[in-house]
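What follows is a short report on a single structure.
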Amino acid sequence: MRTVRTISELRAALRTPRTNGRTVALVPTMGYLHEGHLSLIRAAREAADLAVVSLFVNPTQFNDPNDLAAYPRDEQRDALLAQEAGADLLFAPQPDEVYPRGFTTQVRVTGPLTEALEGAHRGADHFHGVTTVVSKLLNMVGPDVALFGQKDAQQALVIRRMATDLDLPTRIEVVPTVREPDGLAMSSRNVRLSGTEREQALALHAALHTAERHVHGGDHDAASILQAARDAMTPFAVEPEYLALVDPEDLSPVTTVDQDALLAVAAHVGPVRLIDNTILTPNGGTAR
Ligand code: PAF
């Protein structure tokens with residue numbers, strides 16, 4: 001695996017494989033890779049001949065400067081893990097390669113997709129930062145397919161919307177969330193949790209799991225499912241920032257789970273803001 005830092009090096013590295021008809025997959029990341037990223041890289045290898053991993057902590061999507069400053073970074077470790085998972089090329093640009101002097105363009109998905117859930121709490125600007133950088137990365141790499149994790153369910157929806165609306169030729173694939181054995185969704189931010197906070201962090205999975213059990217037990221009433229999920233967080237002394245049951249396509253609130261519904265949760269645990277979600281399936285299907 002080679003590491004490249006500039007757009008021209010990246011394009012030069014992809015020129016010959018492309019001419020030879022090889023397909024390219026992109027896994028955009030902000031680094032500090034964990035098993036969730038590695039499953040995306042493995043899926044990328046399945047989906048295309050070449051897997052490109054981008055590593056860029058994108059400043060424009062952080063609403064909190066402290067969160068940006070505290071975001072864990074370790075490029076050497078990331079390079080090793082990416083290579084082991086089968087990446088062919090690591091694209092690790094400096095901020096001024098992505099946002100050179102004079103940069104003033106934004107790519108924005110507007111409306112409920114960016115204003116609901118995360119948008120309501122972090123601000124829609126978070127997603128505007130994501131879509132701006134992802135559209136740039138897609139233009140830099142020109143992949144046949146790009147892969148994103150289901151843990152950031154809203155981000156995946158927003159990116160799909162952008163790709164459709166802008167007629168981007170890249171296929172967007174969403175890969176299931178990878179969890180620790182006790183259910184905690186893998187996240188680069190988990191390393192910032194202390195021992196006690198790591199236990200408290202299980203509140204999110206407990207809420208999702210309780211809701212799944214309710215639905216499988218025949219409860220389809222959103223208010224009652226949400227109450228049970230909220231109650232499941234109480235023993236962990238964690239308050240959800242939001243806990244919402246919404247349509248998995250347009251994020252509109254759901255009152256009855258008579259078809260697939262997205263249950264999404266966000267909560268602060270110690271210094272870290274965590275998110276998680278599951279799809280509730282009313283007819284005994286397996287929840288993701
Ligand atoms: O999910 C992430 O890590 C980031 O939002 C992404 C897609 C790499 C854009 O910076």
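Chain labels A, B, ... are given in the sequence in which chains occur in the structure tokens; within each chain residues are numbered consecutively from 1, and ligands are likewise numbered from 1 in the order shown.
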
Checklist entry - Near A:Leu166, counting only C-alpha atoms, which residues have an atom at most 10 Å away, once you skip same-chain residues fewer than 5 positions from it, shown as a PyMOL selection string? => result chain A and resi 107+135+160-161

Item to check | Surrounding residues as a PyMOL selection string, ligand 1, max 9 Å, only C-alpha atoms and all ligand atoms | outcome: chain A and resi 27-31+37+54-61+126-127+129-134+137+147-149+151-152+155-156+159+188

Checklist entry - Residues at most 10 Å from stretch 174-185 of chain A, counting only C-alpha atoms, excluding those fewer than 4 positions away in the same chain, as JSON, numbers by chain? => result {"A": [34, 35, 36, 37, 38, 39, 40, 43, 44, 146, 147, 148, 149, 150, 151, 152, 153, 156, 157, 160, 190, 198, 199, 201, 202, 203, 204, 205, 206, 208, 209, 274, 275, 276, 277, 278, 288]}

Checklist entry - If you count only C-alpha atoms, which residues fall within 7 Å of A:Glu197, apart from same-chain ones fewer than 4 positions away, as JSON, numbers by chain? => result {"A": [193, 201, 269, 270]}

For the residues in the current selection, export all heavy atoms as an mmCIF file, in the first residue's frame.
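The result, written out as out13.cif:
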```cif
data_model
loop_
_atom_site.group_PDB
_atom_site.id
_atom_site.type_symbol
_atom_site.label_atom_id
_atom_site.label_comp_id
_atom_site.auth_asym_id
_atom_site.auth_seq_id
_atom_site.Cartn_x
_atom_site.Cartn_y
_atom_site.Cartn_z
ATOM 1 N N LEU A 193 -13.145 7.431 26.253
ATOM 2 C CA LEU A 193 -13.995 7.086 27.409
ATOM 3 C C LEU A 193 -13.148 6.490 28.522
ATOM 4 O O LEU A 193 -12.318 5.602 28.268
ATOM 5 C CB LEU A 193 -15.049 6.048 26.980
ATOM 6 C CG LEU A 193 -16.072 6.489 25.926
ATOM 7 C CD1 LEU A 193 -16.814 5.274 25.373
ATOM 8 C CD2 LEU A 193 -17.045 7.503 26.508
ATOM 9 N N ALA A 201 -21.494 3.944 28.488
ATOM 10 C CA ALA A 201 -21.741 4.057 27.041
ATOM 11 C C ALA A 201 -22.660 2.947 26.537
ATOM 12 O O ALA A 201 -23.281 3.070 25.473
ATOM 13 C CB ALA A 201 -20.423 4.040 26.280
ATOM 14 N N VAL A 269 -21.530 11.038 26.944
ATOM 15 C CA VAL A 269 -21.018 10.182 28.010
ATOM 16 C C VAL A 269 -19.645 10.749 28.356
ATOM 17 O O VAL A 269 -18.727 10.693 27.533
ATOM 18 C CB VAL A 269 -20.922 8.704 27.551
ATOM 19 C CG1 VAL A 269 -20.367 7.842 28.676
ATOM 20 C CG2 VAL A 269 -22.286 8.185 27.105
ATOM 21 N N GLY A 270 -19.529 11.318 29.564
ATOM 22 C CA GLY A 270 -18.286 12.025 29.892
ATOM 23 C C GLY A 270 -18.041 13.092 28.837
ATOM 24 O O GLY A 270 -18.958 13.822 28.448
#
```

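Minimum distance to A:Val191 across A:Pro72, A:Ala92, A:Ile279, A:Gly102 (counting only C-alpha atoms) occurs at A:Pro72.
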
Next on the checklist: Could you pull out the helix (DSSP H, G or I) residues of stretch 48-209 of chain A, going by DSSP on the backbone, and write them as a ChimeraX atom specification?
Outcome noted: /A:59-61,65-70,75-84,95-98,112-115,118-122,125-141,150-165,188-192,195-200,202-209

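If you measure from each of A:Asn283, A:Arg171, A:Arg273, A:Glu249 to A:Glu212 using only C-alpha atoms, the closest one turns out to be A:Asn283.
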
Checklist entry - Among stretch 43-123 of chain A, which ones does DSSP place in strand (DSSP E), written as a list in words? => result Leu50, Ala51, Val52, Val53, Ser54, Leu55, Leu89, Leu90 and Phe91 of chain A
